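Coordinates as given in target.txt (compact mmCIF, C-alpha atoms and all ligand atoms):
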```
# COMPACT_ATOMS: atom_id res chain seq x y z
CA MET A 274 151.23 -110.79 206.81
CA GLY A 275 149.51 -110.15 210.09
CA GLN A 276 148.49 -112.49 212.79
CA ALA A 277 147.26 -115.84 211.64
CA HIS A 278 143.74 -116.84 212.57
CA ILE A 279 143.94 -120.56 212.88
CA VAL A 280 140.88 -122.66 212.24
CA HIS A 281 141.02 -126.29 213.29
CA ARG A 282 139.02 -128.67 211.20
CA SER A 283 138.78 -132.38 211.96
CA ASP A 284 141.93 -133.37 210.11
CA ILE A 285 143.53 -130.17 208.86
CA THR A 286 144.62 -126.80 210.19
CA VAL A 287 144.06 -123.90 207.81
CA LEU A 288 144.76 -120.19 207.92
CA GLU A 289 141.40 -118.54 207.50
CA PRO A 290 141.51 -115.07 205.96
CA LEU A 291 139.31 -112.43 207.54
CA LEU A 292 138.16 -111.13 204.17
CA THR A 293 138.23 -112.86 200.81
CA ILE A 294 137.28 -111.14 197.57
CA LYS A 295 136.69 -113.40 194.61
CA GLY A 296 136.25 -112.34 190.99
CA LEU A 297 134.85 -108.94 191.94
CA LYS A 298 133.52 -106.80 189.09
CA VAL A 299 132.17 -103.32 189.69
CA TYR A 300 130.92 -101.38 186.68
CA TYR A 301 129.48 -97.90 186.24
CA PHE A 302 126.56 -97.99 183.84
CA SER A 303 125.58 -94.85 182.04
CA ARG A 304 123.43 -94.39 178.94
CA SER A 305 126.36 -94.20 176.63
CA ASN A 306 128.90 -96.55 178.15
CA ILE A 307 129.98 -99.06 180.76
CA ILE A 308 133.09 -98.29 182.79
CA LYS A 309 134.67 -101.46 184.09
CA ALA A 310 136.23 -99.80 187.13
CA VAL A 311 136.96 -103.04 188.97
CA ASP A 312 137.25 -106.04 186.73
CA ASP A 313 137.87 -109.46 188.18
CA VAL A 314 139.73 -108.63 191.36
CA CYS A 315 140.65 -111.41 193.79
CA LEU A 316 142.23 -110.57 197.14
CA GLU A 317 142.36 -111.65 200.70
CA ILE A 318 143.27 -110.05 203.97
CA LEU A 319 144.21 -111.90 207.14
CA HIS A 320 143.16 -111.09 210.68
CA ASN A 321 145.26 -108.10 211.71
CA GLY A 322 146.65 -107.97 208.18
CA SER A 323 147.48 -104.85 206.25
CA LEU A 324 147.06 -104.48 202.55
CA GLY A 325 148.11 -101.53 200.43
CA LEU A 326 146.43 -100.77 197.12
CA ALA A 327 148.35 -98.64 194.68
CA GLY A 328 148.01 -97.54 191.09
CA GLU A 329 147.46 -94.49 188.92
CA SER A 330 144.49 -92.20 189.26
CA GLY A 331 141.35 -93.80 187.85
CA CYS A 332 142.56 -97.41 188.12
CA GLY A 333 139.69 -98.37 190.42
CA LYS A 334 141.10 -98.17 193.96
CA THR A 335 138.27 -96.15 195.46
CA THR A 336 135.66 -98.17 193.59
CA LEU A 337 137.08 -101.35 195.09
CA GLY A 338 137.07 -99.84 198.59
CA THR A 339 133.52 -98.54 198.32
CA ALA A 340 132.35 -101.89 196.94
CA LEU A 341 133.50 -103.57 200.16
CA LEU A 342 131.38 -101.14 202.13
CA ARG A 343 128.49 -101.29 199.66
CA SER A 344 128.81 -97.56 199.13
CA ILE A 345 129.64 -97.43 195.43
CA SER A 346 128.73 -94.08 193.95
CA SER A 347 125.93 -93.98 191.42
CA PRO A 348 125.62 -95.34 188.70
CA GLY A 349 127.97 -98.10 189.83
CA ARG A 350 127.15 -101.57 191.05
CA ILE A 351 128.70 -104.95 191.71
CA VAL A 352 128.01 -107.13 188.70
CA GLU A 353 129.84 -110.26 189.75
CA GLY A 354 131.96 -111.75 192.48
CA SER A 355 131.79 -112.51 196.14
CA ILE A 356 133.00 -110.81 199.30
CA ILE A 357 133.43 -113.23 202.16
CA LEU A 358 133.86 -111.90 205.66
CA ASP A 359 134.74 -114.39 208.35
CA GLY A 360 133.37 -117.23 206.26
CA LYS A 361 130.09 -115.53 205.33
CA ASP A 362 129.29 -114.14 201.89
CA ILE A 363 128.28 -110.56 202.60
CA SER A 364 127.73 -109.69 198.95
CA THR A 365 124.41 -111.51 198.93
CA ILE A 366 122.86 -110.24 202.16
CA SER A 367 120.09 -107.64 202.03
CA ASP A 368 120.90 -103.92 202.20
CA ARG A 369 119.08 -103.77 205.49
CA ASP A 370 121.18 -106.53 207.03
CA PHE A 371 124.33 -105.07 205.55
CA ASP A 372 123.56 -101.78 207.22
CA ARG A 373 122.57 -103.42 210.46
CA LEU A 374 125.45 -105.86 210.75
CA ILE A 375 128.36 -104.91 208.54
CA ARG A 376 128.66 -101.24 207.62
CA TRP A 377 130.71 -99.37 210.23
CA LYS A 378 130.42 -102.35 212.60
CA LYS A 379 132.64 -104.82 210.75
CA ILE A 380 133.99 -102.76 207.88
CA ALA A 381 134.49 -99.01 208.05
CA MET A 382 136.03 -96.57 205.65
CA VAL A 383 137.91 -93.31 205.80
CA PHE A 384 136.66 -91.87 202.54
CA GLN A 385 138.94 -90.06 200.15
CA GLY A 386 138.77 -86.35 200.94
CA ALA A 387 136.33 -86.87 203.84
CA MET A 388 138.16 -84.44 206.10
CA ASN A 389 136.94 -81.67 203.83
CA SER A 390 133.34 -82.77 204.09
CA LEU A 391 132.79 -82.46 207.84
CA THR A 392 129.59 -80.48 208.33
CA PRO A 393 130.72 -76.91 209.12
CA VAL A 394 127.74 -76.00 211.33
CA PHE A 395 127.97 -78.94 213.75
CA THR A 396 130.51 -79.64 216.44
CA VAL A 397 132.76 -82.66 216.26
CA GLY A 398 130.88 -84.25 219.15
CA LYS A 399 127.52 -83.86 217.45
CA GLN A 400 128.82 -85.37 214.22
CA MET A 401 130.28 -88.33 216.08
CA LYS A 402 127.09 -88.85 218.05
CA GLU A 403 125.10 -88.84 214.82
CA ILE A 404 127.02 -91.85 213.57
CA LEU A 405 126.26 -93.74 216.76
CA ASP A 406 122.58 -92.77 216.56
CA GLU A 407 122.34 -93.85 212.94
CA HIS A 408 123.59 -97.27 213.95
CA GLN A 409 121.29 -97.65 216.95
CA PHE A 410 124.21 -97.69 219.33
CA THR A 411 123.00 -98.81 222.74
CA GLY A 412 126.09 -98.22 224.90
CA ASN A 413 127.33 -95.08 226.60
CA VAL A 414 127.71 -92.45 223.87
CA SER A 415 130.26 -90.19 225.53
CA ASN A 416 132.43 -93.12 226.54
CA ALA A 417 132.38 -94.45 223.00
CA ILE A 418 133.34 -91.03 221.64
CA SER A 419 136.19 -90.53 224.07
CA GLU A 420 137.46 -94.02 223.50
CA SER A 421 137.71 -93.56 219.79
CA LEU A 422 139.19 -90.08 220.18
CA SER A 423 141.86 -91.53 222.42
CA GLN A 424 142.67 -94.11 219.73
CA VAL A 425 143.61 -91.24 217.44
CA LEU A 426 145.42 -89.42 220.26
CA LEU A 427 142.93 -86.58 220.64
CA ASP A 428 141.46 -85.55 223.96
CA ASP A 429 137.82 -84.96 224.76
CA SER A 430 138.09 -81.18 224.61
CA ILE A 431 137.82 -81.42 220.83
CA VAL A 432 134.16 -82.54 220.92
CA GLY A 433 132.94 -78.96 221.39
CA LYS A 434 134.89 -77.63 218.41
CA TYR A 435 133.65 -76.83 214.94
CA PRO A 436 135.50 -78.08 211.84
CA HIS A 437 136.87 -74.62 210.98
CA GLU A 438 138.62 -74.54 214.36
CA LEU A 439 140.65 -77.66 213.51
CA SER A 440 143.91 -78.18 211.65
CA GLY A 441 144.07 -80.55 208.67
CA GLY A 442 145.72 -83.21 210.81
CA GLN A 443 143.06 -82.90 213.51
CA LYS A 444 140.30 -83.17 210.94
CA GLN A 445 141.81 -86.31 209.50
CA ARG A 446 142.11 -87.80 213.00
CA ILE A 447 138.46 -87.01 213.64
CA ILE A 448 137.49 -88.78 210.42
CA ILE A 449 139.52 -91.80 211.50
CA ALA A 450 137.98 -91.68 214.99
CA MET A 451 134.53 -91.64 213.40
CA ALA A 452 135.36 -94.73 211.38
CA LEU A 453 136.50 -96.48 214.57
CA LEU A 454 133.41 -95.61 216.64
CA LEU A 455 131.68 -98.93 216.15
CA LYS A 456 134.87 -100.95 216.52
CA PRO A 457 135.19 -102.39 213.02
CA GLN A 458 137.44 -105.34 212.24
CA ILE A 459 138.51 -103.83 208.94
CA LEU A 460 139.32 -100.22 208.21
CA ILE A 461 139.63 -99.06 204.63
CA ALA A 462 141.62 -95.84 204.48
CA ASP A 463 141.38 -94.15 201.10
CA GLU A 464 144.27 -91.73 200.52
CA PRO A 465 144.45 -90.96 204.25
CA THR A 466 147.58 -88.85 203.95
CA THR A 467 146.96 -87.06 200.67
CA SER A 468 146.67 -83.28 200.99
CA LEU A 469 148.36 -83.25 204.41
CA ASP A 470 151.75 -81.61 204.78
CA VAL A 471 154.76 -83.85 205.24
CA ILE A 472 154.97 -83.58 209.02
CA VAL A 473 151.27 -84.24 209.52
CA GLN A 474 151.50 -87.11 207.02
CA ALA A 475 154.17 -88.70 209.18
CA GLN A 476 151.96 -88.30 212.26
CA VAL A 477 149.01 -89.92 210.51
CA ILE A 478 151.24 -92.78 209.33
CA ASN A 479 152.38 -93.32 212.92
CA LEU A 480 148.80 -93.31 214.04
CA PHE A 481 147.94 -96.11 211.62
CA LYS A 482 150.97 -98.05 212.86
CA ARG A 483 149.52 -97.80 216.37
CA LEU A 484 146.08 -98.84 215.20
CA LYS A 485 147.55 -101.91 213.55
CA LYS A 486 148.88 -102.95 216.93
CA THR A 487 145.33 -102.97 218.31
CA GLY A 488 144.48 -105.86 216.01
CA LEU A 489 142.67 -103.92 213.32
CA SER A 490 143.00 -105.11 209.72
CA ILE A 491 143.66 -102.21 207.42
CA ILE A 492 143.39 -101.62 203.70
CA PHE A 493 145.42 -98.56 202.71
CA ILE A 494 144.62 -97.02 199.40
CA SER A 495 147.27 -94.64 198.20
CA HIS A 496 148.94 -93.53 195.04
CA ASP A 497 151.98 -92.86 197.24
CA LEU A 498 154.08 -95.99 197.27
CA SER A 499 156.30 -94.79 200.09
CA VAL A 500 153.26 -94.54 202.40
CA ILE A 501 152.24 -98.07 201.48
CA SER A 502 155.75 -99.38 202.09
CA GLU A 503 155.58 -98.05 205.64
CA LEU A 504 152.14 -99.34 206.46
CA ALA A 505 151.28 -102.47 204.54
CA GLU A 506 152.68 -105.96 204.71
CA THR A 507 150.99 -106.95 201.47
CA VAL A 508 150.61 -104.79 198.40
CA GLY A 509 148.30 -105.00 195.43
CA ILE A 510 149.11 -102.98 192.34
CA MET A 511 146.12 -102.03 190.24
CA TYR A 512 146.07 -101.06 186.60
CA ALA A 513 142.96 -100.13 184.62
CA GLY A 514 140.52 -101.89 186.92
CA GLN A 515 142.58 -104.99 187.47
CA LEU A 516 145.02 -106.16 190.05
CA VAL A 517 148.24 -106.82 188.15
CA GLU A 518 150.55 -107.81 191.00
CA LEU A 519 149.95 -109.01 194.53
CA GLY A 520 152.49 -110.10 197.08
CA SER A 521 154.40 -109.18 200.20
CA THR A 522 155.37 -105.54 200.11
CA ARG A 523 158.99 -106.46 200.62
CA ALA A 524 159.03 -108.85 197.67
CA VAL A 525 157.15 -106.53 195.34
CA TYR A 526 159.25 -103.46 196.17
CA SER A 527 162.59 -105.22 196.04
CA ASN A 528 161.84 -107.23 192.93
CA PRO A 529 158.80 -105.92 191.05
CA LYS A 530 157.64 -108.33 188.39
CA HIS A 531 154.89 -106.80 186.32
CA PRO A 532 156.33 -104.29 183.81
CA TYR A 533 153.88 -101.71 185.19
CA THR A 534 154.96 -102.31 188.79
CA GLN A 535 158.58 -102.00 187.67
CA LYS A 536 157.89 -98.54 186.26
CA LEU A 537 155.90 -97.54 189.32
CA ILE A 538 158.57 -98.66 191.78
CA ALA A 539 161.25 -96.91 189.76
CA THR A 540 159.54 -93.61 190.47
CA ILE A 541 159.83 -93.77 194.25
CA PRO A 542 163.20 -92.00 194.59
CA ARG A 543 162.16 -89.50 191.96
CA ILE A 544 159.07 -88.60 193.95
CA LYS A 545 161.22 -87.97 196.97
CA ASP A 546 163.85 -85.98 195.07
CA LYS A 547 161.97 -83.30 193.27
CA ASP A 548 159.31 -84.09 190.74
CA ASN A 549 156.15 -85.49 192.30
CA SER A 550 154.00 -84.97 189.25
CA LEU A 551 153.80 -88.72 188.66
CA GLN A 552 154.40 -88.27 184.94
CA PHE A 553 156.75 -91.17 185.04
CA LEU A 554 155.29 -93.37 182.45
CA LYS A 555 154.77 -92.57 178.79
CA GLY A 556 151.25 -92.82 177.45
CA LYS A 557 147.96 -93.10 179.26
CA PRO A 558 146.02 -95.97 180.77
CA PRO A 559 143.37 -97.35 178.40
CA ASP A 560 139.90 -95.85 178.20
CA MET A 561 137.99 -97.81 180.83
CA ALA A 562 134.79 -97.51 178.81
CA ASP A 563 136.38 -99.00 175.72
CA LEU A 564 138.71 -101.79 176.74
CA GLU A 565 140.16 -104.05 174.10
CA LYS A 566 140.88 -107.71 174.59
CA GLY A 567 144.29 -108.60 175.86
CA CYS A 568 146.63 -107.16 178.45
CA ARG A 569 145.55 -103.67 179.45
CA PHE A 570 149.13 -102.50 179.77
CA LEU A 571 150.03 -103.63 176.26
CA ASP A 572 150.32 -100.20 174.63
CA ARG A 573 152.75 -98.94 177.24
CA CYS A 574 154.75 -102.09 177.79
CA SER A 575 158.32 -102.50 176.56
CA PHE A 576 158.08 -106.30 176.73
CA ALA A 577 154.94 -106.69 174.61
CA MET A 578 154.69 -110.04 172.82
CA GLU A 579 152.18 -111.69 170.49
CA VAL A 580 150.54 -113.58 173.36
CA CYS A 581 149.74 -110.30 175.14
CA ASN A 582 146.76 -109.88 172.81
CA LYS A 583 145.11 -112.50 175.00
CA ASP A 584 144.01 -111.59 178.55
CA PRO A 585 146.76 -112.68 180.91
CA PRO A 586 145.63 -114.76 183.90
CA PHE A 587 147.41 -114.60 187.24
CA PHE A 588 150.65 -116.52 187.39
CA GLU A 589 152.29 -117.37 190.69
CA TYR A 590 155.99 -116.61 190.57
CA GLU A 591 158.31 -116.54 193.58
CA ASN A 592 155.30 -116.24 195.93
CA VAL A 593 153.98 -113.21 194.07
CA LYS A 594 150.90 -113.25 191.88
CA VAL A 595 151.40 -111.44 188.63
CA ARG A 596 149.03 -110.90 185.73
CA CYS A 597 151.60 -110.97 182.96
CA TRP A 598 152.52 -113.51 180.28
CA LEU A 599 156.23 -113.07 181.01
CA TYR A 600 155.72 -115.30 184.04
CA LYS A 601 153.91 -118.14 182.35
N1 LIG A 701 130.32 -92.25 189.93
C1 LIG A 701 130.99 -92.62 188.84
N2 LIG A 701 130.38 -92.67 187.63
C2 LIG A 701 131.04 -93.04 186.51
N3 LIG A 701 132.32 -93.42 186.50
C3 LIG A 701 132.99 -93.39 187.65
C4 LIG A 701 132.37 -92.99 188.88
N4 LIG A 701 133.29 -93.05 189.87
C5 LIG A 701 134.43 -93.47 189.29
N5 LIG A 701 134.25 -93.69 187.98
C6 LIG A 701 135.26 -94.17 186.99
O1 LIG A 701 135.72 -95.42 187.44
C7 LIG A 701 137.13 -95.54 187.25
C8 LIG A 701 137.80 -95.81 188.58
O2 LIG A 701 137.65 -94.67 189.44
P1 LIG A 701 138.15 -94.66 190.94
O3 LIG A 701 137.67 -93.41 191.55
O4 LIG A 701 137.76 -95.93 191.58
O5 LIG A 701 139.73 -94.61 190.73
P2 LIG A 701 140.90 -94.35 191.78
O6 LIG A 701 141.95 -95.36 191.51
O7 LIG A 701 140.35 -94.27 193.15
O8 LIG A 701 141.45 -92.91 191.33
P3 LIG A 701 142.13 -91.74 192.22
O9 LIG A 701 143.55 -92.18 192.48
O10 LIG A 701 142.07 -90.55 191.32
O11 LIG A 701 141.34 -91.56 193.47
C9 LIG A 701 137.57 -94.26 186.58
O12 LIG A 701 137.60 -94.48 185.19
C10 LIG A 701 136.49 -93.27 186.95
O13 LIG A 701 136.36 -92.29 185.97
MG MG A 702 140.32 -92.79 194.59
```
What's the structure tokens form of this structure?
Ligand SMILES: Nc1ncnc2c1ncn2[C@@H]1O[C@H](COP(=O)(O)OP(=O)(O)OP(=O)(O)O)[C@@H](O)[C@H]1O
Ligand SMILES: [Mg+2]
Amino acid sequence: MGQAHIVHRSDITVLEPLLTIKGLKVYYFSRSNIIKAVDDVCLEILHNGSLGLAGESGCGKTTLGTALLRSISSPGRIVEGSIILDGKDISTISDRDFDRLIRWKKIAMVFQGAMNSLTPVFTVGKQMKEILDEHQFTGNVSNAISESLSQVLLDDSIVGKYPHELSGGQKQRIIIAMALLLKPQILIADEPTTSLDVIVQAQVINLFKRLKKTGLSIIFISHDLSVISELAETVGIMYAGQLVELGSTRAVYSNPKHPYTQKLIATIPRIKDKDNSLQFLKGKPPDMADLEKGCRFLDRCSFAMEVCNKDPPFFEYENVKVRCWLYK
């Protein structure tokens, strides 16, 4: 799971994760309801690690990603939990310090659909420069821009172009280059291949493989399990705001444990064959604004038991963490 970062303490040697998320809860508060979009998520990512997050639409993947970057859309906020980066709790620092020290500099994000939100009236170069200016970058601006363009295999000639002059793949590369401008340690890529055609998808996947080799830690958010299997060493499966299974991608794909993961994995060949509508599972996820006690997958689960009316904790089973009473 990535390169180990070894910390020597007086009498012990421990593997220190780069990022640790503990008991994270992110809720959207409106007048009429509370949507528990991320509800008690615990995760960690090692130095140069790669983590994939998968799960149906609305399960909280983007909310989790934006929470790490403190960019949760309104009316959402973190209600509980800690986010520890390199040993320091960044969930308690001021917004000003977060902006000054963390956002884009330590953690950056390729936002879902961002390639369609490049400003049409500005050139690529101007939009990249703006990011550097916003973060009081003091180095050489054109060098920084060409360096990050080269990381996404684009040459400098693209800086004078306008978004409408670019292909979908080029736009996505620009968005990735923008996220890399301030040399973050962690890149969160939210659906980075969605809406690209298959060939361009493969190119973008290869690009991320290259970026991993530079030492970057990457969190890939995707509803496409085949993308995650190519890119991530660890996978977390989310369901209705919770992580239900977490383990090495190999272990989870070859032997999925949570009944939801089992259904999800079973769809992979089907997606490739013909039907990519993702209507693989009967029923719908629960209403996130009206969650009942107990396992959130209960209504759709073929293994439901009496005990499932109680919230399942995480059980460790064959090195995989699974939130299901079957593994008690
Ligand atoms: N700004 C918001 N205000 C209110 N509710 C929101 C907001 N953004 C997201 N939600 C709700 O929070 C839950 C999680 O949404 P989120 O976008 O994180 O899911 P997702 O897993 O990224 O979905 P997708 O695969 O469609 O991108 C959903 O129930 C969604 O409706
Ligand atoms: Mg999303």
Using all atoms listed in the file, what are the residues with an atom within 8 Å of ligand MG 702 (chain A), set out as a list in words?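 Within the 8 Å cut-off, the matching residues are Ser330, Gly331, Gly333, Lys334, Thr335, Thr336, Gln385, Asp463, Glu464 and Ile494 of chain A.
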File dump, residues just selected, C-alpha atoms, as a short mmCIF file (atom, residue, chain, number, x, y, z; two decimals), in the frame of the given file:
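Here's the written file selection03.cif:
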```cif
data_model
loop_
_atom_site.label_atom_id
_atom_site.label_comp_id
_atom_site.auth_asym_id
_atom_site.auth_seq_id
_atom_site.Cartn_x
_atom_site.Cartn_y
_atom_site.Cartn_z
CA SER A 330 144.49 -92.20 189.26
CA GLY A 331 141.35 -93.80 187.85
CA GLY A 333 139.69 -98.37 190.42
CA LYS A 334 141.10 -98.17 193.96
CA THR A 335 138.27 -96.15 195.46
CA THR A 336 135.66 -98.17 193.59
CA GLN A 385 138.94 -90.06 200.15
CA ASP A 463 141.38 -94.15 201.10
CA GLU A 464 144.27 -91.73 200.52
CA ILE A 494 144.62 -97.02 199.40
#
```
Under the rule of at most 10 Å, produce a per-residue listing of chain A near ligand LIG 701 (chain A): chain, number, name, the closest pair of atoms, and the distance in Å, as CSV, using all atoms listed in the file.
```
residue,atom,partner,partner_atom,distance
A:Val299,CA,A:LIG701,O1,8.9
A:Tyr300,CA,A:LIG701,O1,7.7
A:Tyr301,CA,A:LIG701,C2,5.1
A:Phe302,CA,A:LIG701,C2,7.2
A:Ser303,CA,A:LIG701,C2,7.3
A:Asn306,CA,A:LIG701,C2,9.3
A:Ile307,CA,A:LIG701,N3,8.4
A:Ile308,CA,A:LIG701,O1,6.1
A:Lys309,CA,A:LIG701,O1,7.0
A:Ala310,CA,A:LIG701,C7,4.4
A:Val311,CA,A:LIG701,C8,7.3
A:Leu326,CA,A:LIG701,O6,9.0
A:Ala327,CA,A:LIG701,O6,7.9
A:Gly328,CA,A:LIG701,O6,6.5
A:Glu329,CA,A:LIG701,O9,5.8
A:Ser330,CA,A:LIG701,O9,3.4
A:Gly331,CA,A:LIG701,O5,3.4
A:Cys332,CA,A:LIG701,O6,4.0
A:Gly333,CA,A:LIG701,O4,3.3
A:Lys334,CA,A:LIG701,O6,3.8
A:Thr335,CA,A:LIG701,O7,3.6
A:Thr336,CA,A:LIG701,O4,3.7
A:Leu337,CA,A:LIG701,O4,6.5
A:Gly338,CA,A:LIG701,O4,8.1
A:Thr339,CA,A:LIG701,O4,8.4
A:Ala340,CA,A:LIG701,O4,9.7
A:Ile345,CA,A:LIG701,N1,7.6
A:Ser346,CA,A:LIG701,N1,4.7
A:Ser347,CA,A:LIG701,N1,4.9
A:Pro348,CA,A:LIG701,N2,5.6
A:Gly349,CA,A:LIG701,N1,6.3
A:Arg350,CA,A:LIG701,N1,9.9
A:Gln385,CA,A:LIG701,O11,7.3
A:Gly386,CA,A:LIG701,O11,9.5
A:Asp463,CA,A:LIG701,O7,8.0
A:Glu464,CA,A:LIG701,O11,7.6
A:Ile494,CA,A:LIG701,O7,8.1
A:Ser495,CA,A:LIG701,O9,7.3
A:His496,CA,A:LIG701,O9,6.1
A:Asp497,CA,A:LIG701,O9,9.7
A:Met511,CA,A:LIG701,O6,8.0
A:Tyr512,CA,A:LIG701,O6,8.6
A:Ala513,CA,A:LIG701,C8,7.8
A:Gly514,CA,A:LIG701,C8,6.9
A:Pro558,CA,A:LIG701,O12,9.6
A:Pro559,CA,A:LIG701,O12,9.4
A:Asp560,CA,A:LIG701,O12,7.5
A:Met561,CA,A:LIG701,O12,5.5
A:Ala562,CA,A:LIG701,O12,7.6
```
Compile the contact shell of His531 of chain A as an mmCIF file with C-alpha atoms, in the coordinates of the input: residues with an atom at most 9 Å away, counting only C-alpha atoms, same-chain residues fewer than 5 positions apart removed.
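The new file out_32.cif reads:
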```
data_model
loop_
_atom_site.group_PDB
_atom_site.id
_atom_site.type_symbol
_atom_site.label_atom_id
_atom_site.label_comp_id
_atom_site.auth_asym_id
_atom_site.auth_seq_id
_atom_site.Cartn_x
_atom_site.Cartn_y
_atom_site.Cartn_z
ATOM 1 C CA VAL A 517 148.240 -106.820 188.150
ATOM 2 C CA GLU A 518 150.550 -107.810 191.000
ATOM 3 C CA LYS A 536 157.890 -98.540 186.260
ATOM 4 C CA VAL A 595 151.400 -111.440 188.630
ATOM 5 C CA ARG A 596 149.030 -110.900 185.730
ATOM 6 C CA CYS A 597 151.600 -110.970 182.960
ATOM 7 C CA LEU A 599 156.230 -113.070 181.010
ATOM 8 C CA TYR A 600 155.720 -115.300 184.040
#
```
Can you tell me how far atom CA of Cys574 of chain A sits from atom CA of Tyr533 of chain A, in Å to one decimal?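 These two atoms are separated by 7.5 Å.
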Ranking A:Arg343, A:Lys298, A:Arg369, A:Lys594 by minimum distance to Val525 of chain A and counting all atoms listed in the file, which one comes first? A:Lys594
From the list A:Gly441, A:Pro457, A:Gly322, A:Gly354, which residue is nearest Gly296 of chain A when using all atoms listed in the file?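 For Gly296 of chain A, the nearest of the candidates is A:Gly354.
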Enter the distance from atom CA of Arg446 of chain A to atom CA of Ser499 of chain A, in Å, rounded to one decimal.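 The value is 20.4 Å.
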Nearest to Ile447 of chain A by atom-to-atom distance, counting all atoms listed in the file, from A:Asp406, A:Cys581, A:Val397, A:Lys361: A:Val397
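Between Val593 of chain A and the residues A:Leu422, A:Leu297, A:Leu519, A:Ile541, the shortest atom-to-atom distance, using all atoms listed in the file, involves A:Leu519.
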Measuring between all atoms listed in the file, which one of A:Leu391, A:Ile380, A:Leu292, A:Leu484 shows the shortest distance to Ser355 of chain A? A:Leu292
Let me have the centre and edge lengths in Å, one decimal, of the box along x, y and z around every listed atom of segment 428-437 of chain A with 4 Å of margin on each side, as AutoDock Vina command-line options.
```
--center_x 137.2 --center_y -80.1 --center_z 217.9 --size_x 16.5 --size_y 18.9 --size_z 21.8
```
From the options A:Ala577, A:Leu571, A:Leu341, A:Ile418, which residue's atoms come nearest to Ala450 of chain A, counting only C-alpha atoms? A:Ile418
Rounded to one decimal place, report the atom CA of Leu460 of chain A-atom CA of Met382 of chain A distance in Å. 5.5 Å
With N, CA and C atoms as the target, complete segment 410-422 of chain A and hand it back as a PDB file, keeping the file's coordinate frame.
```pdb
ATOM      1  N   PHE A 410     123.253 -97.332 218.296  1.00  0.00           N
ATOM      2  CA  PHE A 410     124.210 -97.690 219.330  1.00  0.00           C
ATOM      3  C   PHE A 410     123.520 -97.672 220.694  1.00  0.00           C
ATOM      4  N   THR A 411     123.727 -98.724 221.475  1.00  0.00           N
ATOM      5  CA  THR A 411     123.000 -98.810 222.740  1.00  0.00           C
ATOM      6  C   THR A 411     123.879 -98.553 223.970  1.00  0.00           C
ATOM      7  N   GLY A 412     125.202 -98.425 223.744  1.00  0.00           N
ATOM      8  CA  GLY A 412     126.090 -98.220 224.900  1.00  0.00           C
ATOM      9  C   GLY A 412     126.135 -96.763 225.348  1.00  0.00           C
ATOM     10  N   ASN A 413     127.163 -96.445 226.106  1.00  0.00           N
ATOM     11  CA  ASN A 413     127.330 -95.080 226.600  1.00  0.00           C
ATOM     12  C   ASN A 413     128.011 -94.220 225.518  1.00  0.00           C
ATOM     13  N   VAL A 414     127.256 -93.241 225.013  1.00  0.00           N
ATOM     14  CA  VAL A 414     127.710 -92.450 223.870  1.00  0.00           C
ATOM     15  C   VAL A 414     129.001 -91.683 224.169  1.00  0.00           C
ATOM     16  N   SER A 415     129.037 -90.982 225.311  1.00  0.00           N
ATOM     17  CA  SER A 415     130.260 -90.190 225.530  1.00  0.00           C
ATOM     18  C   SER A 415     131.477 -91.066 225.772  1.00  0.00           C
ATOM     19  N   ASN A 416     131.281 -92.210 226.392  1.00  0.00           N
ATOM     20  CA  ASN A 416     132.430 -93.120 226.540  1.00  0.00           C
ATOM     21  C   ASN A 416     132.931 -93.599 225.186  1.00  0.00           C
ATOM     22  N   ALA A 417     131.978 -93.947 224.326  1.00  0.00           N
ATOM     23  CA  ALA A 417     132.380 -94.450 223.000  1.00  0.00           C
ATOM     24  C   ALA A 417     133.138 -93.373 222.236  1.00  0.00           C
ATOM     25  N   ILE A 418     132.661 -92.134 222.344  1.00  0.00           N
ATOM     26  CA  ILE A 418     133.340 -91.030 221.640  1.00  0.00           C
ATOM     27  C   ILE A 418     134.731 -90.810 222.220  1.00  0.00           C
ATOM     28  N   SER A 419     134.828 -90.780 223.553  1.00  0.00           N
ATOM     29  CA  SER A 419     136.190 -90.530 224.070  1.00  0.00           C
ATOM     30  C   SER A 419     137.127 -91.690 223.800  1.00  0.00           C
ATOM     31  N   GLU A 420     136.583 -92.883 223.790  1.00  0.00           N
ATOM     32  CA  GLU A 420     137.460 -94.020 223.500  1.00  0.00           C
ATOM     33  C   GLU A 420     138.022 -93.928 222.075  1.00  0.00           C
ATOM     34  N   SER A 421     137.146 -93.592 221.135  1.00  0.00           N
ATOM     35  CA  SER A 421     137.710 -93.560 219.790  1.00  0.00           C
ATOM     36  C   SER A 421     138.569 -92.321 219.557  1.00  0.00           C
ATOM     37  N   LEU A 422     138.284 -91.228 220.272  1.00  0.00           N
ATOM     38  CA  LEU A 422     139.190 -90.080 220.180  1.00  0.00           C
ATOM     39  C   LEU A 422     140.569 -90.429 220.746  1.00  0.00           C
TER      40      LEU A 422
END
```
